[in-house]
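upload_39.cif (mmCIF, C-alpha atoms)
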data_structure
#
loop_
_atom_site.label_atom_id
_atom_site.label_comp_id
_atom_site.auth_asym_id
_atom_site.auth_seq_id
_atom_site.Cartn_x
_atom_site.Cartn_y
_atom_site.Cartn_z
CA MET A 1 13.15 3.37 9.97
CA ALA A 2 15.59 5.98 8.88
CA ALA A 3 14.57 9.32 7.46
CA SER A 4 15.09 7.95 3.93
CA GLU A 5 12.79 5.03 4.65
CA HIS A 6 9.52 6.85 3.98
CA ARG A 7 7.18 4.68 1.95
CA CYS A 8 4.27 5.17 -0.39
CA VAL A 9 1.27 3.85 1.51
CA GLY A 10 -0.24 2.51 -1.70
CA CYS A 11 2.56 0.42 -3.22
CA GLY A 12 5.26 0.46 -0.53
CA PHE A 13 7.82 2.13 -2.83
CA ARG A 14 10.51 4.23 -1.09
CA VAL A 15 10.07 7.99 -1.39
CA LYS A 16 12.47 10.76 -0.40
CA SER A 17 9.84 13.10 1.02
CA LEU A 18 6.14 12.98 1.74
CA PHE A 19 5.29 16.67 1.41
CA ILE A 20 6.67 20.13 0.78
CA GLN A 21 5.85 22.80 3.37
CA TYR A 22 5.59 26.32 1.99
CA SER A 23 4.42 27.93 5.22
CA PRO A 24 2.85 26.76 8.51
CA GLY A 25 -0.34 24.93 7.57
CA ASN A 26 0.38 25.19 3.85
CA ILE A 27 1.79 21.95 2.42
CA ARG A 28 1.72 20.04 -0.85
CA LEU A 29 1.64 16.26 -0.74
CA MET A 30 4.23 14.54 -2.92
CA LYS A 31 3.43 11.76 -5.38
CA CYS A 32 5.04 8.36 -5.53
CA GLY A 33 7.47 7.85 -8.40
CA ASN A 34 6.26 4.29 -8.86
CA CYS A 35 2.44 4.36 -8.78
CA LYS A 36 2.10 8.12 -9.47
CA GLU A 37 -0.43 8.46 -6.62
CA VAL A 38 -0.15 10.65 -3.51
CA ALA A 39 2.52 8.99 -1.38
CA ASP A 40 0.72 9.37 1.96
CA GLU A 41 -2.76 10.87 2.12
CA TYR A 42 -2.96 10.09 5.85
CA ILE A 43 -0.78 13.12 6.58
CA GLU A 44 -3.86 15.31 6.22
CA CYS A 45 -6.28 12.89 7.94
CA GLU A 46 -7.66 13.20 11.45
CA ARG A 47 -6.26 10.78 14.01
CA MET A 48 -9.69 9.19 14.45
CA ILE A 49 -9.76 8.21 10.77
CA ILE A 50 -6.28 6.71 11.11
CA PHE A 51 -7.40 4.79 14.20
CA ILE A 52 -10.52 3.44 12.46
CA ASP A 53 -8.47 2.30 9.46
CA LEU A 54 -6.06 0.57 11.84
CA ILE A 55 -8.94 -1.36 13.35
CA LEU A 56 -10.04 -2.29 9.82
CA HIS A 57 -6.51 -3.62 9.13
CA ARG A 58 -5.94 -1.56 6.00
CA PRO A 59 -2.36 -2.00 4.70
CA LYS A 60 -2.12 1.67 3.71
CA VAL A 61 -2.54 2.95 7.24
CA TYR A 62 -0.09 0.37 8.58
CA ARG A 63 2.55 1.69 6.16
CA HIS A 64 1.76 5.22 7.31
CA VAL A 65 2.15 4.36 10.99
CA LEU A 66 5.15 2.06 10.69
CA TYR A 67 7.17 4.03 8.15
CA ASN A 68 5.96 7.61 7.92
CA ALA A 69 4.48 8.62 11.27
CA ILE A 70 7.63 8.10 13.36
CA ASN A 71 10.44 10.54 12.72
CA PRO A 72 13.74 8.99 13.90
CA GLU A 73 15.31 12.47 13.98
CA THR A 74 13.00 13.50 16.85
CA VAL A 75 12.11 10.11 18.36
CA ASN A 76 14.60 7.73 19.95
CA ILE A 77 13.54 4.39 18.47
CA GLN A 78 15.30 2.38 21.17
CA HIS A 79 13.57 4.29 23.98
CA LEU A 80 10.21 4.01 22.22
CA LEU A 81 10.62 0.25 21.91
CA TRP A 82 11.40 -0.18 25.61
CA LYS A 83 8.48 2.05 26.61
CA LEU A 84 6.09 -0.03 24.50
CA VAL A 85 7.48 -3.25 25.96
CA PHE A 86 6.98 -1.94 29.50
CA VAL A 87 3.40 -0.80 28.81
CA TYR A 88 2.43 -4.09 27.20
CA LEU A 89 3.96 -6.08 30.07
CA LEU A 90 1.71 -4.14 32.43
CA LEU A 91 -1.30 -4.79 30.20
CA ASP A 92 -0.47 -8.50 29.98
CA SER A 93 -0.21 -8.64 33.77
CA TYR A 94 -3.59 -6.96 34.07
CA ARG A 95 -5.01 -9.44 31.55
CA SER A 96 -3.76 -12.38 33.61
CA LEU A 97 -5.25 -10.90 36.78
CA LEU A 98 -8.60 -10.46 35.05
CA LEU A 99 -8.64 -14.09 33.95
CA ARG A 100 -7.52 -15.30 37.35
CA ARG A 101 -10.29 -13.30 39.00
CA THR A 102 -12.87 -15.46 37.24
CA ASP A 103 -11.45 -18.54 38.97
CA GLU A 104 -10.56 -17.02 42.32
CA GLU A 105 -12.89 -14.40 43.70
CA SER A 106 -10.45 -14.00 46.60
CA SER A 107 -7.60 -12.93 44.36
CA PHE A 108 -6.98 -9.86 46.45
CA SER A 109 -6.84 -11.65 49.78
CA HIS A 110 -3.79 -12.07 52.00
CA SER A 111 -2.05 -14.04 49.21
CA SER A 112 -2.39 -11.23 46.64
CA VAL A 113 1.33 -10.45 46.77
CA LEU A 114 2.28 -14.04 45.93
CA ILE A 115 -0.32 -14.11 43.17
CA SER A 116 1.07 -10.88 41.69
CA ILE A 117 4.60 -12.28 41.72
CA LYS A 118 3.45 -15.47 40.03
CA VAL A 119 1.55 -13.48 37.41
CA LEU A 120 4.59 -11.27 36.72
CA ILE A 121 6.91 -14.27 36.32
CA GLY A 122 4.40 -15.91 34.01
CA VAL A 123 4.02 -12.77 31.88
CA LEU A 124 7.79 -12.26 31.59
CA SER A 125 8.39 -15.91 30.69
CA ALA A 126 5.57 -16.00 28.13
CA ASN A 127 6.72 -12.82 26.40
CA ALA A 128 10.35 -13.96 26.37
CA ALA A 129 9.18 -17.18 24.71
CA PHE A 130 7.16 -15.11 22.23
CA ILE A 131 10.19 -13.03 21.18
CA PHE A 132 12.45 -16.08 20.90
CA SER A 133 9.96 -18.16 18.88
CA PHE A 134 9.02 -15.18 16.70
CA ALA A 135 12.67 -14.60 15.80
CA ILE A 136 13.16 -18.27 14.88
CA ALA A 137 9.93 -18.45 12.87
CA ALA A 138 10.68 -15.18 11.04
CA LYS A 139 14.16 -16.40 10.15
CA GLY A 140 12.86 -19.74 8.93
CA LEU A 141 9.76 -18.65 7.02
CA LEU A 142 10.60 -15.08 6.02
CA ASN A 143 14.42 -15.09 6.07
CA GLU A 144 14.37 -11.92 8.18
CA VAL A 145 17.50 -11.60 10.32
CA SER A 146 18.88 -8.11 9.75
CA ARG A 147 15.93 -5.94 10.80
CA GLY A 148 15.12 -7.51 14.14
CA ARG A 149 14.69 -4.29 16.13
CA GLU A 150 12.64 -2.62 13.41
CA ILE A 151 10.30 -5.57 13.03
CA MET A 152 9.92 -6.00 16.79
CA LEU A 153 8.98 -2.32 17.07
CA GLY A 154 6.36 -2.89 14.38
CA ILE A 155 4.98 -5.88 16.29
CA CYS A 156 4.78 -3.80 19.49
CA ILE A 157 3.02 -0.92 17.72
CA SER A 158 0.57 -3.29 16.03
CA SER A 159 -0.35 -4.79 19.41
CA TYR A 160 -2.35 -1.65 20.20
CA PHE A 161 -5.53 -3.73 20.63
CA LYS A 162 -4.27 -4.61 24.11
CA ILE A 163 -5.13 -1.07 25.16
CA PHE A 164 -8.82 -2.01 24.91
CA LEU A 165 -8.31 -4.10 28.06
CA LEU A 166 -8.26 -0.84 30.01
CA ALA A 167 -11.95 -0.42 29.20
CA MET A 168 -12.59 -3.29 31.60
CA LEU A 169 -11.50 -0.99 34.40
CA VAL A 170 -14.58 1.13 33.74
CA TRP A 171 -17.16 -1.14 32.12
CA GLU A 172 -18.00 -4.75 32.81
CA PHE A 173 -17.44 -7.08 29.85
CA PRO A 174 -17.60 -10.87 29.54
CA MET A 175 -14.23 -12.56 29.83
CA SER A 176 -14.59 -13.69 26.20
CA VAL A 177 -13.65 -10.12 25.21
CA ILE A 178 -10.09 -10.87 26.33
CA PHE A 179 -9.96 -13.82 23.93
CA ILE A 180 -11.29 -11.64 21.11
CA VAL A 181 -8.61 -9.01 21.85
CA ASP A 182 -5.96 -11.75 21.61
CA ILE A 183 -7.23 -12.73 18.16
CA LEU A 184 -7.22 -9.11 17.00
CA VAL A 185 -3.65 -8.68 18.26
CA LEU A 186 -2.64 -11.76 16.24
CA THR A 187 -4.25 -10.47 13.04
CA SER A 188 -2.83 -6.99 13.56
CA ASN A 189 0.67 -8.39 14.11
CA SER A 190 0.31 -10.41 10.90
CA MET A 191 -0.69 -7.34 8.89
CA ALA A 192 2.22 -5.31 10.29
CA LEU A 193 4.62 -8.12 9.46
CA LYS A 194 3.27 -8.36 5.92
CA VAL A 195 3.68 -4.61 5.40
CA MET A 196 7.23 -4.60 6.74
CA THR A 197 8.50 -7.72 4.97
CA GLU A 198 6.42 -7.65 1.76
CA SER A 199 5.92 -11.38 2.23
CA THR A 200 2.71 -13.35 1.67
CA MET A 201 -0.05 -13.03 4.22
CA THR A 202 -0.06 -16.79 4.76
CA ARG A 203 3.58 -16.84 5.85
CA CYS A 204 3.11 -13.80 8.10
CA ILE A 205 0.10 -15.37 9.79
CA ALA A 206 2.09 -18.59 10.25
CA VAL A 207 4.99 -16.74 11.92
CA CYS A 208 2.71 -14.81 14.28
CA LEU A 209 0.56 -17.85 15.02
CA ILE A 210 3.60 -19.91 15.98
CA ALA A 211 4.88 -17.16 18.29
CA HIS A 212 1.48 -16.64 19.93
CA LEU A 213 0.96 -20.38 20.41
CA VAL A 214 4.37 -20.72 22.08
CA ARG A 215 3.53 -17.73 24.27
CA PHE A 216 0.22 -19.31 25.19
CA SER A 217 1.83 -22.69 25.96
CA VAL A 218 4.41 -21.14 28.27
CA GLY A 219 1.66 -19.13 29.95
CA GLN A 220 -0.25 -22.34 30.67
CA ILE A 221 2.65 -23.55 32.81
CA PHE A 222 1.89 -20.74 35.25
CA GLU A 223 -1.88 -20.39 34.65
CA PRO A 224 -3.15 -23.86 33.60
CA THR A 225 -6.85 -23.10 34.19
CA ILE A 226 -7.04 -19.81 32.33
CA PHE A 227 -7.60 -21.25 28.85
CA LEU A 228 -10.57 -23.38 29.89
CA THR A 229 -12.16 -20.39 31.59
CA GLN A 230 -11.45 -18.11 28.65
CA PHE A 231 -12.57 -20.59 26.00
CA GLY A 232 -15.72 -21.49 27.91
CA SER A 233 -16.58 -17.82 28.34
CA LEU A 234 -16.07 -17.24 24.62
CA MET A 235 -18.36 -20.14 23.72
CA GLN A 236 -21.07 -18.82 26.03
CA TYR A 237 -20.76 -15.37 24.50
CA LEU A 238 -20.95 -16.68 20.92
CA SER A 239 -23.90 -18.86 21.85
CA TYR A 240 -25.68 -15.81 23.24
CA LEU A 241 -25.01 -13.88 20.04
CA PHE A 242 -26.40 -16.66 17.86
CA ARG A 243 -29.54 -16.89 19.99
CA THR A 244 -30.16 -13.15 19.74
CA VAL A 245 -29.64 -13.18 15.97
#
Target format structure tokens, applied to this file:
Amino acid sequence: MAASEHRCVGCGFRVKSLFIQYSPGNIRLMKCGNCKEVADEYIECERMIIFIDLILHRPKVYRHVLYNAINPETVNIQHLLWKLVFVYLLLDSYRSLLLRRTDEESSFSHSSVLISIKVLIGVLSANAAFIFSFAIAAKGLLNEVSRGREIMLGICISSYFKIFLLAMLVWEFPMSVIFIVDILVLTSNSMALKVMTESTMTRCIAVCLIAHLVRFSVGQIFEPTIFLTQFGSLMQYLSYLFRTV
């Protein structure tokens, strides 16, 4: 994601600059040399609009976030990647504790330290398996081997749906919400991968699905009852929705 790697959010064509600044607050957006449209209209959009479009999985906003929003001249990409990894490991640990709490109401008893250690080992192992399987699948299906760090940063950024788990600290949700968040993370990862590799959506979904399934399988070694609890909760929630409709 070098400074010369700005992209047109519409067609993905490389552009040298996104705007010209005449004075503070006075800019002119540049047009793409390929499609002749404004290269990145999100520069002038509110962050809430950008966030809503991310939730809607619009390719344009993914190109804006992954290529144009991060300035490598002011942001250390390596440090940003490690910070995101650390935050998501904490969120994954919290997710596992939430699911375990449905099976063991005494999660925070005298054995809470041992449970936390087991959860941490499980999360680290599952995520290591995810990275390894993702790299193999991406090499095999997309022939992507040279941009590993860039693509992994895109996958981390597109996993922002995990942040919604923090809402469960404040409000009470059914455990099926965790399963829904997992699905949204998968679809968001697939869209980010499509934007960054310009490959077909089918291949990108296949790569992400393989990696997430491997991650899930490794997680079951440490938490074998979580899936049944999670899947059963999801079915109950969907059944409730159908009855209300």
>> If we count only C-alpha atoms and set the cut-off at 12 Å, which residues sit around A:Asp92, ignoring sequence neighbours fewer than 2 positions away in its own chain? Please answer as a ChimeraX atom specification.
In response: /A:85-90,94-99,119-127,159,161-166,178,181-182,215-216,219
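Residues in contact with stretch 200-212 of chain A at 7 Å, where only C-alpha atoms are counted and same-chain residues fewer than 3 positions away are skipped, are listed as Phe130, Ser133, Phe134, Ala137, Ala138, Leu141, Leu186, Asn189, Ser190, Leu193, Lys194, Arg215 and Phe216 of chain A.
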>> If the PyMOL selection byres ((chain A and resi 35) around 12) were run on this exact file, what residues would it hold? Put them as a PyMOL selection string.
In response: chain A and resi 7-15+30-34+36-40
> Between atom CA of A:Thr197 and atom CA of A:Gly140, what is the spacing in Å?
Replying inline: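 Between atom CA of A:Gly140 and atom CA of A:Thr197 the gap works out to 13.4 Å.
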>> So the first atom is atom CA of A:Ala192 and the second is atom CA of A:His64; what is the distance between them in Å, to one decimal place?
In response: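 Distance reported for this atom pair: 11.0 Å.
The two atoms in question, atom CA of A:Leu169 and atom CA of A:Leu54, are spaced 23.3 Å apart.
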> So which residues touch A:Val61 within 9 Å, counting only C-alpha atoms, skipping near sequence neighbours fewer than 4 positions away, as an MDAnalysis selection string?
Replying inline: chainID A and resid 9 40 42 50:51 53:54 57 65:66
> So what does the PyMOL selection byres ((chain A and resi 152) around 10) actually pick up in this one, as a count of residues only?
Replying inline: 18
> With only C-alpha atoms as the atoms that count, which of A:Glu41, A:Ile55, A:Val218, A:Ile136 lies nearest to A:Thr187?
Replying inline: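 Answer, going by the shortest atom-to-atom distance: A:Ile55.
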>> Please determine, counting all atoms listed in the file, which residue among A:Asn68, A:Ser17, A:Gln78, A:Arg63 has the shortest atom-to-atom distance to A:Glu198.
In response: A:Arg63
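Of the listed residues A:Ile70, A:Arg58, A:Lys16, A:Ser23, the one whose atoms come nearest to A:Met191 is A:Arg58, with distances taken using all atoms listed in the file.
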Assuming the input is short of atoms at stretch 184-195 of chain A, produce N, CA, C and O atoms for that part as a CSV table (one decimal), in the coordinates of the input.
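Below is the file selection-v8.csv, written as the result:
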chain,number,residue,atom,x,y,z
A,184,LEU,N,-7.5,-10.3,17.7
A,184,LEU,CA,-7.2,-9.1,17.0
A,184,LEU,C,-5.7,-8.7,17.0
A,184,LEU,O,-5.2,-8.2,16.1
A,185,VAL,N,-5.1,-8.9,18.2
A,185,VAL,CA,-3.6,-8.7,18.3
A,185,VAL,C,-2.9,-9.6,17.3
A,185,VAL,O,-2.0,-9.1,16.6
A,186,LEU,N,-3.3,-10.8,17.2
A,186,LEU,CA,-2.6,-11.8,16.2
A,186,LEU,C,-2.8,-11.3,14.8
A,186,LEU,O,-1.8,-11.3,14.0
A,187,THR,N,-4.0,-10.9,14.4
A,187,THR,CA,-4.2,-10.5,13.0
A,187,THR,C,-3.5,-9.2,12.7
A,187,THR,O,-3.0,-8.9,11.6
A,188,SER,N,-3.5,-8.3,13.7
A,188,SER,CA,-2.8,-7.0,13.6
A,188,SER,C,-1.3,-7.2,13.4
A,188,SER,O,-0.7,-6.6,12.6
A,189,ASN,N,-0.8,-8.1,14.2
A,189,ASN,CA,0.7,-8.4,14.1
A,189,ASN,C,1.0,-9.0,12.7
A,189,ASN,O,2.0,-8.6,12.1
A,190,SER,N,0.1,-9.8,12.2
A,190,SER,CA,0.3,-10.4,10.9
A,190,SER,C,0.3,-9.4,9.8
A,190,SER,O,1.1,-9.4,8.9
A,191,MET,N,-0.6,-8.4,9.9
A,191,MET,CA,-0.7,-7.3,8.9
A,191,MET,C,0.6,-6.5,8.9
A,191,MET,O,1.1,-6.1,7.9
A,192,ALA,N,1.0,-6.1,10.2
A,192,ALA,CA,2.2,-5.3,10.3
A,192,ALA,C,3.4,-6.0,9.7
A,192,ALA,O,4.3,-5.5,9.0
A,193,LEU,N,3.5,-7.3,10.0
A,193,LEU,CA,4.6,-8.1,9.5
A,193,LEU,C,4.6,-8.2,7.9
A,193,LEU,O,5.6,-8.1,7.3
A,194,LYS,N,3.4,-8.3,7.4
A,194,LYS,CA,3.3,-8.4,5.9
A,194,LYS,C,3.7,-7.0,5.3
A,194,LYS,O,4.4,-7.0,4.3
A,195,VAL,N,3.3,-5.9,5.9
A,195,VAL,CA,3.7,-4.6,5.4
A,195,VAL,C,5.2,-4.4,5.5
A,195,VAL,O,5.8,-3.8,4.5
